[in-house]
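Colleague: Just query-v1.cif, nothing more (mmCIF, C-alpha atoms):
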data_coords
#
loop_
_atom_site.group_PDB
_atom_site.id
_atom_site.type_symbol
_atom_site.label_atom_id
_atom_site.label_comp_id
_atom_site.auth_asym_id
_atom_site.auth_seq_id
_atom_site.Cartn_x
_atom_site.Cartn_y
_atom_site.Cartn_z
ATOM 1 C CA MET A 2 205.902 2.408 148.845
ATOM 2 C CA ARG A 3 202.530 0.692 148.879
ATOM 3 C CA PRO A 4 202.711 -3.057 148.214
ATOM 4 C CA ALA A 5 200.232 -2.730 145.331
ATOM 5 C CA ILE A 6 202.628 -0.365 143.563
ATOM 6 C CA ILE A 7 205.596 -2.675 144.166
ATOM 7 C CA ARG A 8 203.544 -5.580 142.790
ATOM 8 C CA SER A 9 202.865 -3.607 139.620
ATOM 9 C CA ILE A 10 206.541 -2.669 139.237
ATOM 10 C CA VAL A 11 207.499 -6.334 139.684
ATOM 11 C CA ALA A 12 204.858 -7.395 137.148
ATOM 12 C CA PHE A 13 206.143 -4.858 134.617
ATOM 13 C CA ALA A 14 209.742 -6.064 135.047
ATOM 14 C CA VAL A 15 208.561 -9.672 134.771
ATOM 15 C CA GLY A 16 206.741 -8.816 131.542
ATOM 16 C CA VAL A 17 209.870 -7.240 130.058
ATOM 17 C CA LEU A 18 212.078 -10.174 131.083
ATOM 18 C CA PHE A 19 209.501 -12.662 129.807
ATOM 19 C CA ALA A 20 209.358 -10.885 126.445
ATOM 20 C CA VAL A 21 213.149 -10.801 126.120
ATOM 21 C CA GLY A 22 213.341 -14.496 127.052
ATOM 22 C CA LEU A 23 210.771 -15.355 124.398
ATOM 23 C CA GLY A 24 212.688 -13.336 121.824
ATOM 24 C CA VAL A 25 216.047 -14.913 122.708
ATOM 25 C CA SER A 26 214.500 -18.401 122.651
ATOM 26 C CA GLY A 27 213.240 -17.878 119.103
ATOM 27 C CA MET A 28 209.672 -18.721 120.097
ATOM 28 C CA THR A 29 208.335 -15.370 118.874
ATOM 29 C CA HIS A 30 208.723 -16.881 115.401
ATOM 30 C CA PRO A 31 205.693 -18.994 114.458
ATOM 31 C CA SER A 32 207.902 -20.876 112.007
ATOM 32 C CA LYS A 33 210.092 -22.105 114.914
ATOM 33 C CA VAL A 34 207.025 -23.256 116.870
ATOM 34 C CA LEU A 35 205.536 -24.997 113.837
ATOM 35 C CA ALA A 36 208.888 -26.692 113.199
ATOM 36 C CA PHE A 37 208.720 -28.119 116.732
ATOM 37 C CA LEU A 38 205.196 -29.400 116.120
ATOM 38 C CA ASP A 39 206.233 -30.924 112.779
ATOM 39 C CA VAL A 40 207.504 -34.228 114.196
ATOM 40 C CA THR A 41 207.237 -36.155 110.935
ATOM 41 C CA GLY A 42 208.917 -33.405 108.921
ATOM 42 C CA ASN A 43 212.122 -31.470 109.516
ATOM 43 C CA TRP A 44 211.719 -31.525 113.305
ATOM 44 C CA ASP A 45 213.255 -28.694 115.343
ATOM 45 C CA PRO A 46 213.335 -29.616 119.062
ATOM 46 C CA SER A 47 214.178 -26.029 120.202
ATOM 47 C CA LEU A 48 210.845 -25.488 121.967
ATOM 48 C CA ALA A 49 211.503 -28.524 124.179
ATOM 49 C CA PHE A 50 214.732 -26.887 125.394
ATOM 50 C CA VAL A 51 212.879 -23.644 126.134
ATOM 51 C CA MET A 52 210.265 -25.546 128.148
ATOM 52 C CA ALA A 53 212.929 -27.586 129.964
ATOM 53 C CA GLY A 54 214.905 -24.465 130.914
ATOM 54 C CA GLY A 55 211.813 -22.641 132.146
ATOM 55 C CA VAL A 56 210.416 -25.590 134.075
ATOM 56 C CA LEU A 57 213.804 -26.239 135.717
ATOM 57 C CA VAL A 58 214.035 -22.683 137.093
ATOM 58 C CA ASN A 59 210.381 -22.620 138.155
ATOM 59 C CA PHE A 60 210.560 -26.040 139.804
ATOM 60 C CA THR A 61 213.532 -24.933 141.918
ATOM 61 C CA VAL A 62 212.286 -21.458 142.816
ATOM 62 C CA PHE A 63 208.598 -22.328 143.390
ATOM 63 C CA ARG A 64 209.580 -24.938 145.995
ATOM 64 C CA ARG A 65 211.842 -22.517 147.833
ATOM 65 C CA ALA A 66 209.192 -19.785 147.673
ATOM 66 C CA LEU A 67 206.501 -22.086 149.091
ATOM 67 C CA ARG A 68 208.844 -23.192 151.865
ATOM 68 C CA ARG A 69 209.284 -19.518 152.739
ATOM 69 C CA GLY A 70 205.574 -19.453 153.534
ATOM 70 C CA ALA A 71 204.519 -16.246 151.784
ATOM 71 C CA PRO A 72 205.503 -14.140 148.775
ATOM 72 C CA ILE A 73 207.593 -11.034 149.427
ATOM 73 C CA VAL A 74 204.990 -8.382 148.551
ATOM 74 C CA ALA A 75 201.697 -10.276 148.950
ATOM 75 C CA ARG A 76 199.996 -12.030 151.837
ATOM 76 C CA SER A 77 199.632 -15.417 150.212
ATOM 77 C CA PHE A 78 200.339 -17.458 147.115
ATOM 78 C CA ALA A 79 197.457 -17.538 144.648
ATOM 79 C CA MET A 80 197.557 -21.209 143.804
ATOM 80 C CA PRO A 81 195.175 -22.781 141.317
ATOM 81 C CA THR A 82 192.667 -24.737 143.389
ATOM 82 C CA LYS A 83 191.197 -27.080 140.804
ATOM 83 C CA THR A 84 192.631 -30.583 140.806
ATOM 84 C CA GLU A 85 190.064 -32.414 138.680
ATOM 85 C CA VAL A 86 191.045 -33.436 135.169
ATOM 86 C CA ASN A 87 187.709 -32.716 133.480
ATOM 87 C CA ALA A 88 186.188 -32.333 130.030
ATOM 88 C CA PRO A 89 186.642 -28.528 129.684
ATOM 89 C CA LEU A 90 190.338 -28.924 130.506
ATOM 90 C CA ILE A 91 190.916 -31.572 127.859
ATOM 91 C CA ALA A 92 188.609 -30.079 125.210
ATOM 92 C CA GLY A 93 190.032 -26.593 125.819
ATOM 93 C CA ALA A 94 193.632 -27.807 125.613
ATOM 94 C CA ALA A 95 192.808 -29.644 122.367
ATOM 95 C CA ILE A 96 191.165 -26.532 120.845
ATOM 96 C CA PHE A 97 194.111 -24.402 121.954
ATOM 97 C CA GLY A 98 196.536 -26.949 120.468
ATOM 98 C CA ILE A 99 194.740 -26.899 117.102
ATOM 99 C CA GLY A 100 194.937 -23.092 117.030
ATOM 100 C CA TRP A 101 198.579 -23.268 118.062
ATOM 101 C CA GLY A 102 199.255 -25.696 115.228
ATOM 102 C CA ILE A 103 197.501 -23.465 112.688
ATOM 103 C CA GLY A 104 199.053 -20.150 113.708
ATOM 104 C CA GLY A 105 202.281 -21.097 115.464
ATOM 105 C CA PHE A 106 201.361 -18.596 118.153
ATOM 106 C CA CYS A 107 200.418 -18.932 121.789
ATOM 107 C CA PRO A 108 199.278 -15.877 123.791
ATOM 108 C CA GLY A 109 202.670 -14.693 125.158
ATOM 109 C CA PRO A 110 204.741 -14.602 121.967
ATOM 110 C CA ALA A 111 201.813 -13.097 120.036
ATOM 111 C CA ILE A 112 201.465 -10.166 122.444
ATOM 112 C CA VAL A 113 205.243 -9.620 122.418
ATOM 113 C CA SER A 114 205.288 -9.706 118.606
ATOM 114 C CA LEU A 115 202.682 -6.916 118.410
ATOM 115 C CA ALA A 116 205.676 -4.546 118.485
ATOM 116 C CA GLY A 117 206.595 -5.833 115.017
ATOM 117 C CA ARG A 118 203.238 -4.418 113.809
ATOM 118 C CA SER A 119 202.654 -7.175 111.280
ATOM 119 C CA THR A 120 199.033 -7.655 110.201
ATOM 120 C CA PRO A 121 198.811 -11.415 110.945
ATOM 121 C CA VAL A 122 199.994 -10.835 114.527
ATOM 122 C CA VAL A 123 197.527 -8.006 115.107
ATOM 123 C CA GLY A 124 194.768 -10.194 113.630
ATOM 124 C CA PHE A 125 195.735 -13.095 115.869
ATOM 125 C CA VAL A 126 195.731 -11.032 119.073
ATOM 126 C CA ALA A 127 192.458 -9.249 118.240
ATOM 127 C CA ALA A 128 190.739 -12.568 117.461
ATOM 128 C CA MET A 129 192.192 -14.161 120.597
ATOM 129 C CA LEU A 130 191.019 -11.372 122.921
ATOM 130 C CA GLY A 131 187.555 -11.370 121.344
ATOM 131 C CA ALA A 132 187.280 -15.145 121.673
ATOM 132 C CA MET A 133 188.412 -14.993 125.304
ATOM 133 C CA LEU A 134 185.699 -12.469 126.152
ATOM 134 C CA ALA A 135 183.069 -14.426 124.216
ATOM 135 C CA THR A 136 184.037 -17.676 125.943
ATOM 136 C CA ASP A 137 183.769 -16.072 129.376
ATOM 137 C CA LEU A 138 180.390 -14.529 128.534
ATOM 138 C CA ALA A 139 179.116 -17.868 127.235
ATOM 139 C CA ALA A 140 180.321 -19.596 130.389
ATOM 140 C CA ARG A 141 178.658 -16.982 132.573
ATOM 141 C CA TYR A 142 175.279 -16.813 130.845
ATOM 142 C CA GLY A 143 175.061 -20.185 129.112
ATOM 143 C CA ARG A 144 175.148 -22.330 132.222
ATOM 144 C CA ARG A 145 172.961 -22.279 135.251
ATOM 145 C CA ARG A 146 175.943 -22.949 137.446
ATOM 146 C CA PRO A 147 178.809 -20.649 136.493
ATOM 147 C CA SER A 148 182.222 -22.255 136.465
ATOM 148 C CA LEU A 149 184.461 -21.375 139.347
ATOM 149 C CA PRO A 150 187.654 -19.511 138.639
ATOM 150 C CA ALA A 151 190.616 -21.897 138.618
ATOM 151 C CA VAL A 152 192.716 -19.507 140.597
ATOM 152 C CA ALA A 153 191.609 -18.573 144.089
ATOM 153 C CA ARG A 154 192.098 -14.847 143.987
ATOM 154 C CA PRO A 155 193.585 -13.539 147.200
ATOM 155 C CA GLU A 156 192.162 -10.365 148.597
ATOM 156 C CA TYR A 157 194.464 -7.434 148.813
ATOM 157 C CA PRO A 158 192.568 -5.169 151.163
ATOM 158 C CA SER A 159 193.797 -1.679 151.911
ATOM 159 C CA ASP A 160 197.502 -2.584 152.024
ATOM 160 C CA MET B 11 233.047 -19.328 121.572
ATOM 161 C CA PRO B 12 232.407 -23.017 120.922
ATOM 162 C CA HIS B 13 229.161 -23.851 119.229
ATOM 163 C CA ILE B 14 226.710 -25.192 121.793
ATOM 164 C CA PRO B 15 223.612 -26.668 120.175
ATOM 165 C CA PHE B 16 220.330 -25.115 121.271
ATOM 166 C CA LEU B 17 222.108 -22.487 123.368
ATOM 167 C CA ALA B 18 219.617 -19.729 122.465
ATOM 168 C CA PRO B 19 216.512 -21.793 123.337
ATOM 169 C CA ILE B 20 218.124 -22.869 126.624
ATOM 170 C CA ILE B 21 219.082 -19.296 127.605
ATOM 171 C CA GLY B 22 215.659 -18.030 126.508
ATOM 172 C CA GLY B 23 213.986 -20.763 128.555
ATOM 173 C CA LEU B 24 216.038 -19.867 131.632
ATOM 174 C CA LEU B 25 215.084 -16.173 131.235
ATOM 175 C CA ILE B 26 211.403 -17.060 130.895
ATOM 176 C CA GLY B 27 211.737 -19.278 133.965
ATOM 177 C CA ALA B 28 213.441 -16.461 135.872
ATOM 178 C CA ALA B 29 210.602 -14.103 134.919
ATOM 179 C CA SER B 30 207.838 -16.465 136.069
ATOM 180 C CA SER B 31 209.795 -17.334 139.199
ATOM 181 C CA LEU B 32 210.095 -13.637 140.105
ATOM 182 C CA LEU B 33 206.351 -13.160 139.764
ATOM 183 C CA PHE B 34 205.717 -16.118 142.052
ATOM 184 C CA TRP B 35 208.420 -15.210 144.593
ATOM 185 C CA PHE B 36 207.419 -11.543 144.888
ATOM 186 C CA ASN B 37 203.715 -11.418 144.042
ATOM 187 C CA GLY B 38 202.671 -15.007 144.679
ATOM 188 C CA ARG B 39 201.071 -15.220 141.239
ATOM 189 C CA ILE B 40 201.329 -17.813 138.508
ATOM 190 C CA CYS B 41 202.822 -16.350 135.341
ATOM 191 C CA GLY B 42 200.223 -17.544 132.861
ATOM 192 C CA VAL B 43 199.744 -15.103 130.035
ATOM 193 C CA SER B 44 196.235 -16.235 129.017
ATOM 194 C CA GLY B 45 195.048 -16.094 132.640
ATOM 195 C CA ILE B 46 196.634 -12.740 133.472
ATOM 196 C CA VAL B 47 195.116 -11.193 130.341
ATOM 197 C CA GLY B 48 191.861 -13.163 130.254
ATOM 198 C CA ASP B 49 190.978 -12.499 133.908
ATOM 199 C CA LEU B 50 191.477 -8.739 133.474
ATOM 200 C CA PRO B 51 187.790 -7.907 132.862
ATOM 201 C CA SER B 52 186.546 -9.997 135.793
ATOM 202 C CA ALA B 53 189.346 -9.223 138.261
ATOM 203 C CA ALA B 54 188.605 -7.274 141.434
ATOM 204 C CA ALA B 55 189.580 -3.595 141.364
ATOM 205 C CA GLY B 56 192.728 -4.128 143.448
ATOM 206 C CA ASP B 57 193.755 -7.097 141.304
ATOM 207 C CA ARG B 58 193.929 -5.275 137.977
ATOM 208 C CA ALA B 59 196.913 -2.917 138.063
ATOM 209 C CA TRP B 60 199.593 -5.651 138.161
ATOM 210 C CA ARG B 61 197.929 -7.436 135.240
ATOM 211 C CA LEU B 62 198.035 -4.269 133.144
ATOM 212 C CA ALA B 63 201.629 -3.662 134.258
ATOM 213 C CA PHE B 64 202.575 -7.182 133.148
ATOM 214 C CA VAL B 65 201.000 -6.682 129.714
ATOM 215 C CA ALA B 66 202.724 -3.288 129.463
ATOM 216 C CA GLY B 67 205.991 -5.080 130.269
ATOM 217 C CA LEU B 68 205.390 -7.635 127.508
ATOM 218 C CA LEU B 69 204.700 -4.817 125.045
ATOM 219 C CA ALA B 70 207.709 -2.810 126.248
ATOM 220 C CA GLY B 71 209.923 -5.895 125.971
ATOM 221 C CA GLY B 72 208.578 -6.461 122.478
ATOM 222 C CA ALA B 73 209.292 -2.822 121.600
ATOM 223 C CA GLY B 74 212.837 -3.299 122.892
ATOM 224 C CA LEU B 75 213.255 -6.361 120.696
ATOM 225 C CA ALA B 76 211.820 -4.450 117.746
ATOM 226 C CA PHE B 77 214.386 -1.704 118.321
ATOM 227 C CA PHE B 78 217.520 -3.791 118.950
ATOM 228 C CA ARG B 79 216.783 -7.130 117.285
ATOM 229 C CA TYR B 80 213.883 -6.756 114.876
ATOM 230 C CA ASP B 81 214.782 -10.153 113.408
ATOM 231 C CA LEU B 82 213.631 -11.855 116.629
ATOM 232 C CA LEU B 83 210.006 -10.809 116.130
ATOM 233 C CA ALA B 84 207.469 -12.593 113.969
ATOM 234 C CA VAL B 85 207.419 -11.253 110.438
ATOM 235 C CA ALA B 86 204.277 -10.867 108.369
ATOM 236 C CA SER B 87 205.390 -13.374 105.753
ATOM 237 C CA GLU B 88 205.384 -16.225 108.280
ATOM 238 C CA GLN B 89 201.594 -16.495 108.343
ATOM 239 C CA THR B 90 198.559 -15.399 106.380
ATOM 240 C CA VAL B 91 196.075 -13.077 108.071
ATOM 241 C CA GLU B 92 193.218 -15.580 107.574
ATOM 242 C CA ALA B 93 195.088 -18.442 109.264
ATOM 243 C CA SER B 94 196.166 -16.128 112.080
ATOM 244 C CA VAL B 95 192.622 -14.969 112.814
ATOM 245 C CA VAL B 96 191.283 -18.547 112.839
ATOM 246 C CA ALA B 97 194.201 -19.565 115.063
ATOM 247 C CA GLY B 98 193.561 -16.614 117.385
ATOM 248 C CA LEU B 99 189.894 -17.551 117.800
ATOM 249 C CA LEU B 100 190.776 -21.160 118.669
ATOM 250 C CA VAL B 101 193.556 -20.133 121.043
ATOM 251 C CA GLY B 102 191.218 -17.665 122.784
ATOM 252 C CA VAL B 103 188.425 -20.206 123.285
ATOM 253 C CA GLY B 104 190.756 -23.075 124.183
ATOM 254 C CA THR B 105 192.865 -21.238 126.743
ATOM 255 C CA ARG B 106 189.769 -19.926 128.554
ATOM 256 C CA MET B 107 188.160 -23.384 128.633
ATOM 257 C CA SER B 108 191.302 -25.110 129.885
ATOM 258 C CA ARG B 109 192.265 -22.077 131.958
ATOM 259 C CA GLY B 110 195.846 -21.844 130.815
ATOM 260 C CA CYS B 111 198.276 -21.788 127.921
ATOM 261 C CA THR B 112 201.894 -22.670 127.275
ATOM 262 C CA SER B 113 203.113 -20.468 130.124
ATOM 263 C CA GLY B 114 200.565 -21.174 132.856
ATOM 264 C CA HIS B 115 200.090 -24.892 132.228
ATOM 265 C CA GLY B 116 203.355 -25.657 130.463
ATOM 266 C CA LEU B 117 206.000 -23.669 132.328
ATOM 267 C CA CYS B 118 204.409 -23.103 135.742
ATOM 268 C CA GLY B 119 201.928 -25.969 136.096
ATOM 269 C CA ILE B 120 204.412 -28.692 135.257
ATOM 270 C CA ALA B 121 206.934 -27.093 137.632
ATOM 271 C CA ARG B 122 204.258 -27.311 140.379
ATOM 272 C CA LEU B 123 203.755 -30.972 139.403
ATOM 273 C CA SER B 124 200.073 -30.181 138.760
ATOM 274 C CA ARG B 125 198.202 -33.097 137.239
ATOM 275 C CA ARG B 126 195.746 -30.794 135.423
ATOM 276 C CA SER B 127 198.542 -28.771 133.855
ATOM 277 C CA SER B 128 200.540 -31.845 132.884
ATOM 278 C CA VAL B 129 197.500 -33.353 131.154
ATOM 279 C CA ALA B 130 196.686 -30.035 129.443
ATOM 280 C CA THR B 131 200.265 -29.655 128.192
ATOM 281 C CA VAL B 132 200.380 -33.170 126.749
ATOM 282 C CA VAL B 133 196.984 -32.589 125.074
ATOM 283 C CA PHE B 134 197.824 -29.216 123.499
ATOM 284 C CA ILE B 135 201.211 -30.362 122.240
ATOM 285 C CA ALA B 136 199.647 -33.528 120.790
ATOM 286 C CA ALA B 137 196.821 -31.523 119.201
ATOM 287 C CA GLY B 138 199.346 -29.061 117.779
ATOM 288 C CA MET B 139 201.444 -31.866 116.323
ATOM 289 C CA ALA B 140 198.381 -33.557 114.823
ATOM 290 C CA THR B 141 197.279 -30.235 113.303
ATOM 291 C CA VAL B 142 200.668 -29.551 111.728
ATOM 292 C CA PHE B 143 200.748 -33.125 110.406
ATOM 293 C CA ILE B 144 197.402 -32.562 108.698
ATOM 294 C CA THR B 145 198.092 -29.062 107.367
ATOM 295 C CA LYS B 146 201.636 -29.776 106.223
ATOM 296 C CA HIS B 147 201.674 -33.394 105.178
ATOM 297 C CA VAL B 148 198.080 -34.323 104.349
ATOM 298 C CA LEU B 149 196.458 -31.158 102.957
ATOM 299 C CA ALA B 150 199.611 -29.750 101.389
ATOM 300 C CA GLY B 151 200.653 -33.164 100.126
ATOM 301 C CA GLY B 152 203.935 -32.928 101.989
ATOM 302 C CA HIS B 153 205.440 -30.504 99.501
ATOM 303 C CA SER B 154 205.411 -27.354 101.604
#
Can you give me the file's structure in the form of structure tokens?

Modeller:
Amino acid sequence: MRPAIIRSIVAFAVGVLFAVGLGVSGMTHPSKVLAFLDVTGNWDPSLAFVMAGGVLVNFTVFRRALRRGAPIVARSFAMPTKTEVNAPLIAGAAIFGIGWGIGGFCPGPAIVSLAGRSTPVVGFVAAMLGAMLATDLAARYGRRRPSLPAVARPEYPSD
Amino acid sequence: MPHIPFLAPIIGGLLIGAASSLLFWFNGRICGVSGIVGDLPSAAAGDRAWRLAFVAGLLAGGAGLAFFRYDLLAVASEQTVEASVVAGLLVGVGTRMSRGCTSGHGLCGIARLSRRSSVATVVFIAAGMATVFITKHVLAGGHS
């Protein structure tokens, strides 16, 4: 099988597993996320345990994978190349955090929750996708020097 | 079975970690939802299929949850449509500007010990907490 097809099969399986993990963790519920952010109220630390579990697995596996030298079905790791802590990073994270605090949704759980077909979720995802496109267009045409992509995209030539 | 506090969040977190680890181990890609989705329009032709497959997987996983455990999905009564649309706009702009969300910066970036991701995660959690403080305890007078 062509590596590109295997990569897509892996990505599909990863998406399913990711969705199930989000569901099991409870983070598909905005009320659970908002309860984590409500530190001065009836604080629910669940989200911290989700993050800790995920980071622990990633920390262990990422190191082993990098030591291996290359991924199994790609030529190289696509590592983010930016290292500078700059204004767009901080402003963007702050804007994202405000939206997260208003809606209780971040991109992953919102997309997973589309299956529930509730109007607020559909509204959130539609607005998010539109805003993503608009932000990219503004970055491309609004500046003389377009911003570089944070992730160096590896080439997958005819393999 | 004895009651273990926060068992579900821990198991869910481990599953999410396993998913992002698989993507890195096999495909060499960071499992950041906002990046995988947001870079779709600008990605090179050969770099698109896996992104679509990942999104299809998220939707399929969500459909599975809807079928077996509908209670795990967000219900309409949790949020108003207006608040959700405003939130979606901010999340869309913010994640493109900072190039990452909870998964890319939070779960993968911190695991890579990335300074950018660590700063971003602290900032978005702090901003989220400040926002909830204002909406819940200042604007709503602490009664909701």

Colleague: Would you mind telling me which residue in B:Gly104, B:Ala53, B:Ile40, B:Ile46 lies nearest to chain A when using all atoms listed in the file?

Modeller: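 Comparing B:Gly104, B:Ala53, B:Ile40, B:Ile46 against chain A, the winner is B:Gly104.
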
Colleague: When you look at segment 59-69 of chain A with a cut-off of 12 Å (counting all atoms listed in the file), what residues show up, excluding the ones that are within fewer than 5 positions of it in the same chain? I need them as a short mmCIF file (atom, residue, chain, number, x, y, z; two decimals) with C-alpha atoms, in the frame of the given file.

Modeller:
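Result went into part06.cif, see below:
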data_model
loop_
_atom_site.label_atom_id
_atom_site.label_comp_id
_atom_site.auth_asym_id
_atom_site.auth_seq_id
_atom_site.Cartn_x
_atom_site.Cartn_y
_atom_site.Cartn_z
CA MET A 52 210.26 -25.55 128.15
CA ALA A 53 212.93 -27.59 129.96
CA GLY A 54 214.90 -24.46 130.91
CA ARG A 76 200.00 -12.03 151.84
CA SER A 77 199.63 -15.42 150.21
CA PHE A 78 200.34 -17.46 147.12
CA ALA A 79 197.46 -17.54 144.65
CA MET A 80 197.56 -21.21 143.80
CA GLY B 23 213.99 -20.76 128.56
CA LEU B 24 216.04 -19.87 131.63
CA LEU B 25 215.08 -16.17 131.24
CA ILE B 26 211.40 -17.06 130.90
CA GLY B 27 211.74 -19.28 133.96
CA ALA B 28 213.44 -16.46 135.87
CA ALA B 29 210.60 -14.10 134.92
CA SER B 30 207.84 -16.46 136.07
CA SER B 31 209.80 -17.33 139.20
CA LEU B 32 210.10 -13.64 140.10
CA LEU B 33 206.35 -13.16 139.76
CA PHE B 34 205.72 -16.12 142.05
CA TRP B 35 208.42 -15.21 144.59
CA PHE B 36 207.42 -11.54 144.89
CA ASN B 37 203.72 -11.42 144.04
CA GLY B 38 202.67 -15.01 144.68
CA ARG B 39 201.07 -15.22 141.24
CA ILE B 40 201.33 -17.81 138.51
CA CYS B 41 202.82 -16.35 135.34
CA SER B 113 203.11 -20.47 130.12
CA GLY B 114 200.56 -21.17 132.86
CA GLY B 116 203.36 -25.66 130.46
CA LEU B 117 206.00 -23.67 132.33
CA CYS B 118 204.41 -23.10 135.74
CA GLY B 119 201.93 -25.97 136.10
CA ILE B 120 204.41 -28.69 135.26
CA ALA B 121 206.93 -27.09 137.63
CA ARG B 122 204.26 -27.31 140.38
CA LEU B 123 203.76 -30.97 139.40
CA SER B 124 200.07 -30.18 138.76
#

Colleague: Rounded to one decimal place, report the atom CA of Gly42 of chain A-atom CA of Met139 of chain B distance in Å.

Modeller: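 Atom-to-atom, atom CA of Gly42 of chain A and atom CA of Met139 of chain B are spaced 10.6 Å apart.
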
Colleague: Any idea what the distance is between atom CA of Val43 of chain B and atom CA of Gly109 of chain A?

Modeller: 5.7 Å

Colleague: Have a look at atom CA of Ala111 of chain A and atom CA of Pro31 of chain A and let me know their distance in Å, one decimal.

Modeller: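 These atoms are spaced 9.0 Å apart.
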
Colleague: Taking all atoms listed in the file into account, name the residue in B:Val91, B:Ala136, B:Met107, B:Val142 that is nearest to Gly45 of chain B.

Modeller: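 Comparing B:Val91, B:Ala136, B:Met107, B:Val142 against Gly45 of chain B, the winner is B:Met107.
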
Colleague: Looking at only C-alpha atoms, which of B:Ala140, B:Ala93, B:Val65, B:Ala76 is the one that sits closest to Ala12 of chain A?

Modeller: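 When distances to Ala12 of chain A are compared using only C-alpha atoms, the smallest one comes from B:Val65.
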
Colleague: For chain A, which residue among B:Val132, B:Ala55, B:Gly72, B:Ala150 is the nearest when counting all atoms listed in the file?

Modeller: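 Comparing B:Val132, B:Ala55, B:Gly72, B:Ala150 against chain A, the winner is B:Gly72.
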
Colleague: Taking into account all atoms listed in the file, which residue in the set B:Ile14, B:Leu50, B:Val148, B:Val133 is nearest to chain A?

Modeller: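 Using all atoms listed in the file, the shortest distance to chain A belongs to B:Val133.
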